[in-house]
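Below is one structure, written out as structure tokens, with a few remarks after it.
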Amino acid sequence: EYTKDAYFSIGNSYDKSEHERLDFSASYTRHHSYFLGYQDKQGKTLEQMKQSRYDLPTGNLATSVGYAKQDLAQASLKYTNDTSENWRFEVLGFYAFSDFSFPTSITADTESVPNTTYANTSGTNLNHNGGVNIKLKRTTDNNTLLLGLDNSLEYSEAIRLPSSSGYRDRRKGYKYAGALYALDSMRWNLFGLTTGLRGEGLYYSVKRRGMTNRVAGTGAGGHPTVTSFEIEEGGQGEWKFNYAAEVTPSVHYSDSGIVYVKGELGFINPTIAQITNVVETGQTSSGGQTTINREFRSTNLRPEQYITTEIGWRDEFASSTWSLALYYTHSFNEIRYIPETYAYNYYNLGETQRVGAEFSAKQYLFSKIL
């Protein structure tokens, strides 16, 4: 695998007056990846796979040489107004774009027929996301209050197109997200308390269309033949609502040292790609061939929710920072997927639990010199 990147960024600030300010930033990244035989892994040792990264594949596997390209761009403009000594008003407008083109690949059958080639597949994933966020901040000697409104509109398009025969899949979708939140942080000498609330509503509209010419027949180990069919789902809108909360009491035993206990109720929303599944609806036989009928259906995914408890410590010593956190997370409706013949199908798990620890240390070697 060979990769190369190019990155460009620009930013500028303009003080309109003593209390008003404009900040602009933009960046662009181009990422290239070149793969050599990345599908040819079966039956190889780790050392053989390492060596194969530098070898050109032969035969059918020559088509598994891929060239992947990813473009990332973003721009934002923020207006800040210090309306008084204690109040600040901010408006942020933003736009982000990403385009990922993935290479031709060979799709093999099950392990019992590892060398069967069904389709040479390539495609692209395109995403646009823009919005406006509004924030009001109040600051006093022992209190900071944030009130905000977030708005974003996302457009996503994914295309999977084979070079000869195989499964075609095209998905277009929109997602609007609107949220209200409040975050309050208070401090009394050594003691502090942070509380937060957030409510969010999302609207999805997804249209997906697929078609296959995938032919297996008896020549591919007796598997059923699927002959040209089209499946389509979408156009209907779908709303989802979520809420989150946080409580974090803390003790500040020095200017830089803090011990805290955090309780959080959070959520993870489904993406546009997770809104539809491919479902088999039956089979029909004619002329010794079997057609498997499939259609797209809504996944009816519920947003993933979690409850996290965390105990942590942070401090600074001699140009270094240290932190330690122990946490426990209990998740509900965790979103997972099952690899199917034509796509990933998504579903909700019941409940999952995680326990973990995180330790971090950072040393600034030349902080005093610079």
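Going by the structure tokens order, chains are called A, B, ..., each with residues numbered from 1, while ligands are numbered from 1 in the order shown.
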**OP:** Skip Tyr344 of chain A itself and residues of its chain fewer than 3 positions away, then list as a VMD selection string all residues within 9 Å of it, counting only C-alpha atoms.
**Re:** chain A and resid 274 277 to 278 337 to 341
Create the file for the chosen residues now, containing C-alpha atoms and written as a tab-separated table (two decimals), in the first residue's frame.
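Result file follows (out26.tsv):
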chain	number	residue	atom	x	y	z
A	274	GLN	CA	-27.87	2.86	8.21
A	277	ASN	CA	-31.48	-2.80	4.74
A	278	VAL	CA	-31.58	-5.36	1.94
A	337	TYR	CA	-24.27	-4.61	11.35
A	338	ILE	CA	-24.32	-8.02	9.67
A	339	PRO	CA	-22.40	-8.47	6.38
A	340	GLU	CA	-24.87	-9.75	3.79
A	341	THR	CA	-24.28	-10.86	0.18
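Coordinates place atom CA of Lys137 of chain A at a distance of 8.3 Å from atom CA of Glu90 of chain A.
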**OP:** Mind checking which residues fall within 7 Å of segment 171-182 of chain A, counting only C-alpha atoms, ignoring those fewer than 6 positions away in the same chain, and posting them as a VMD selection string?
**Re:** chain A and resid 146 to 159 196 to 209 272
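Reported to one decimal place, the separation of atom CA of Tyr260 of chain A from atom CA of Thr308 of chain A is 13.6 Å.
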**OP:** Could you tell me how far atom CA of Glu358 of chain A lies from atom CA of Leu145 of chain A, in Å and to one decimal?
**Re:** 28.8 Å
Subject >> Contact residues around segment 321-336 of chain A with only C-alpha atoms at 12 Å, ignoring same-chain residues under 5 positions, as a VMD selection string >> reply: chain A and resid 256 to 271 274 to 275 299 to 316 344 to 365
Can you write out the residues you just picked, keeping C-alpha atoms, as a short mmCIF file (atom, residue, chain, number, x, y, z; two decimals), in the first residue's frame?
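This went into out-v9.cif:
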data_model
loop_
_atom_site.label_atom_id
_atom_site.label_comp_id
_atom_site.auth_asym_id
_atom_site.auth_seq_id
_atom_site.Cartn_x
_atom_site.Cartn_y
_atom_site.Cartn_z
CA SER A 256 -3.94 22.90 37.76
CA GLY A 257 -5.04 19.78 39.65
CA ILE A 258 -8.60 18.44 39.55
CA VAL A 259 -10.43 15.29 40.65
CA TYR A 260 -13.91 14.77 39.22
CA VAL A 261 -16.83 12.35 39.00
CA LYS A 262 -18.88 12.47 35.81
CA GLY A 263 -22.31 11.06 35.06
CA GLU A 264 -23.53 11.25 31.46
CA LEU A 265 -26.61 10.17 29.52
CA GLY A 266 -25.83 10.35 25.80
CA PHE A 267 -26.89 9.13 22.38
CA ILE A 268 -25.53 8.18 18.95
CA ASN A 269 -27.80 8.75 15.95
CA PRO A 270 -28.01 6.44 12.93
CA THR A 271 -26.27 7.68 9.79
CA GLN A 274 -27.87 2.86 8.21
CA ILE A 275 -31.49 3.75 7.41
CA THR A 299 -34.15 -0.57 9.32
CA ASN A 300 -36.37 1.10 11.95
CA LEU A 301 -33.21 1.71 13.95
CA ARG A 302 -33.56 3.38 17.30
CA PRO A 303 -30.84 5.85 18.34
CA GLU A 304 -28.17 4.27 20.51
CA GLN A 305 -28.26 5.51 24.11
CA TYR A 306 -25.66 5.09 26.84
CA ILE A 307 -25.10 5.87 30.50
CA THR A 308 -21.49 6.53 31.51
CA THR A 309 -19.94 6.97 34.94
CA GLU A 310 -16.37 8.26 35.03
CA ILE A 311 -13.89 9.06 37.80
CA GLY A 312 -10.88 11.06 36.69
CA TRP A 313 -7.83 13.11 37.65
CA ARG A 314 -5.81 15.76 35.78
CA ASP A 315 -2.75 17.81 36.73
CA GLU A 316 0.38 19.53 35.42
CA TYR A 344 -24.37 -4.42 5.34
CA ASN A 345 -27.64 -4.77 7.23
CA TYR A 346 -28.01 -2.80 10.46
CA TYR A 347 -29.84 -3.65 13.66
CA ASN A 348 -30.08 -2.70 17.35
CA LEU A 349 -28.58 -4.84 20.08
CA GLY A 350 -30.32 -5.07 23.43
CA GLU A 351 -27.79 -3.91 26.03
CA THR A 352 -23.98 -3.90 26.21
CA GLN A 353 -21.55 -2.95 28.98
CA ARG A 354 -17.97 -1.71 28.96
CA VAL A 355 -15.39 -1.04 31.65
CA GLY A 356 -12.14 0.73 30.91
CA ALA A 357 -9.25 2.92 31.98
CA GLU A 358 -7.45 5.70 30.15
CA PHE A 359 -4.04 7.14 31.03
CA SER A 360 -2.35 10.02 29.25
CA ALA A 361 0.96 11.84 29.74
CA LYS A 362 2.38 14.68 27.67
CA GLN A 363 5.77 16.35 28.03
CA TYR A 364 6.65 19.73 26.51
CA LEU A 365 10.39 19.55 25.88
#
**OP:** Please identify all polymer residues within 10 Å of segment 8-15 of chain A, counting only C-alpha atoms, omitting same-chain residues fewer than 2 positions from it, and present them as JSON, numbers by chain.
**Re:** {"A": [6, 17, 18, 19, 20, 21, 22, 23, 24, 25, 26, 27, 28, 29, 30, 73, 74, 75, 76, 77, 78, 79, 80]}
Original post:
Leaving out Thr140 of chain A and any residue of its chain fewer than 4 positions from it, which residues lie within 12 Å of it when counting only C-alpha atoms, given as JSON, numbers by chain?
Top reply: {"A": [84, 85, 86, 87, 88, 144, 145, 184, 185, 186, 187]}
